[in-house]
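Step one of this worksheet: look at the structure below.
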Amino acid sequence: MDEHALAELCAYAKKFAQLDAPKIRLLQAIHPLLAPRLDEVTDAFYQHLPTIDKARPFLEGREVSLKATHREWLESLFTSNFDLDYTRHLYKVGDVHVRIRLPVEFMAGGMTIIQGELMQLTSRVFAGQPEPLLHANAAINAATGFSLLVMQESYQSSSMAAELERFLQITGISPTLFKNLAKAYNLKQP
Ligand code: HEM
């Protein structure tokens, strides 16, 4: 993905997920409160995932390394600036899942488990403080939504690339000819 497309994706995902600067600052501010208990979220994620039959083949024999990777990503939700570098990183994470042929619904399913666990954690950390709890949950929801939108874009791009490859195979059009045609077509656009 080129820098222009990446910047567009970052802005689009932020707008959709309502992830703005105050929410990013809040995530960083609550990080010290949540960090000591983030292991609980990762543990719950890896307890639930193996109960899903289709997920087991992707997990077997690599639980320890996956848990460490996942925990690192979880921490980044509360430390990142959600800038272009982070968007690029998340897009690549999405791509890793595409390459191992992880079904696309695992992204939404996985994030649903994570969101649910994070909400349980915040309700314990902010017990008796309804306002801070509301704001913390809104910021977390925005950050996980942003991550999901960016990771799913990898699936979308790779399925478009696969369709184009099939189209070129069927029609016998070379990739160079296709690029030239696309360029000429774009030039004629108003
Ligand atoms: C939806 C939230 C998820 C997040 C944020 C996430 C995050 C990550 C990250 C950061 C990596 C490392 C990527 C790299 O090497 O650069 C990774 C790899 C991996 N994830 Fe996920 N993941 C998610 C969901 C899942 C689910 C639901 C599964 C399914 C069981 C899964 C299975 C894997 C596997 C097998 C790898 C290792 C791929 C390889 O290196 O061969 N992930 N994930």
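As shown in the structure tokens, the chain order sets the letters A, B, ...; within each chain, residues go from 1, and ligands are also counted from 1 in the order they appear.
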### Task
Write out as a ChimeraX atom specification the residues lying within 9 Å of range 105-108 of chain A, counting only C-alpha atoms and excluding same-chain residues fewer than 5 positions away.
/A:55,94,97,113,148,151-152
Expected file contents, prior selection, N, CA and C atoms, as a short mmCIF file (atom, residue, chain, number, x, y, z; two decimals), in the first residue's frame:
```cif
data_model
loop_
_atom_site.label_atom_id
_atom_site.label_comp_id
_atom_site.auth_asym_id
_atom_site.auth_seq_id
_atom_site.Cartn_x
_atom_site.Cartn_y
_atom_site.Cartn_z
N ALA A 55 -10.91 -22.45 14.75
CA ALA A 55 -9.73 -21.69 15.19
C ALA A 55 -8.59 -22.61 15.62
N GLY A 94 -2.68 -7.42 9.61
CA GLY A 94 -3.82 -7.97 8.86
C GLY A 94 -3.32 -8.88 7.75
N HIS A 97 -2.37 -12.36 8.73
CA HIS A 97 -3.55 -13.24 8.88
C HIS A 97 -4.09 -13.68 7.52
N ILE A 113 -14.31 -10.61 21.15
CA ILE A 113 -13.88 -11.23 22.42
C ILE A 113 -13.04 -10.22 23.21
N LEU A 148 -9.56 -2.94 13.90
CA LEU A 148 -10.33 -3.90 13.08
C LEU A 148 -10.48 -3.38 11.65
N MET A 151 -7.09 -3.74 9.84
CA MET A 151 -6.71 -5.13 9.56
C MET A 151 -7.62 -5.74 8.49
N GLN A 152 -8.88 -5.39 8.51
CA GLN A 152 -9.80 -5.95 7.50
C GLN A 152 -9.51 -5.41 6.11
#
```
Discussion item. Could you list, as a PyMOL selection string, all protein and nucleic acid residues with an atom at most 7 Å from ligand 1, counting only C-alpha atoms and all ligand atoms?
Written reply: chain A and resi 49+55-56+58-59+66+69-70+73+92-93+96-97+100+102+106-111+148
| request: Give me the residues within 9 Å of Ala7 in chain A as a list in words, counting only C-alpha atoms and dropping any in the same chain fewer than 6 places off. | output: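 My list of contacting residues is Asp83, Leu84 and Thr87 of chain A.
For the set A:Glu40, A:Asp20, A:Phe82, A:Ile114, the residue with the smallest atom-to-atom gap to Val150 in chain A is A:Phe82, counting only C-alpha atoms.
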Any chance you could tabulate, as a Markdown table, the residues of range 128-167 of chain A at most 12 Å from range 29-34 of chain A with each one's nearest atom pair and distance in Å to one decimal, using only C-alpha atoms, in chain and rising number order?
```
| residue | atom | partner | partner_atom | distance |
| --- | --- | --- | --- | --- |
| A:Pro132 | CA | A:Ile30 | CA | 9.8 |
| A:Leu133 | CA | A:Ile30 | CA | 10.5 |
| A:His135 | CA | A:Ile30 | CA | 10.4 |
| A:Ala136 | CA | A:Ile30 | CA | 7.7 |
| A:Asn137 | CA | A:Ile30 | CA | 10.9 |
| A:Ala139 | CA | A:Ile30 | CA | 10.1 |
| A:Ile140 | CA | A:Ile30 | CA | 10.3 |
```
Nearest to Phe16 in chain A, restricted to only C-alpha atoms and choosing among A:Thr51, A:Ser80, A:Asn186, A:Thr144, comes out as A:Thr144
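Proximity to Thr122 in chain A was assessed for A:Arg99, A:Leu9, A:Tyr155, A:Val41 counting only C-alpha atoms; the smallest distance is recorded for A:Val41.
Each of A:Asn141, A:His4, A:Ser174, A:Lys179 was checked against Glu117 in chain A using only C-alpha atoms; the smallest atom-to-atom distance is that of A:Asn141.
Closest to Cys10 in chain A among A:Leu90, A:Leu27, A:Leu38, A:Ala138 is A:Leu90, based on only C-alpha atoms.
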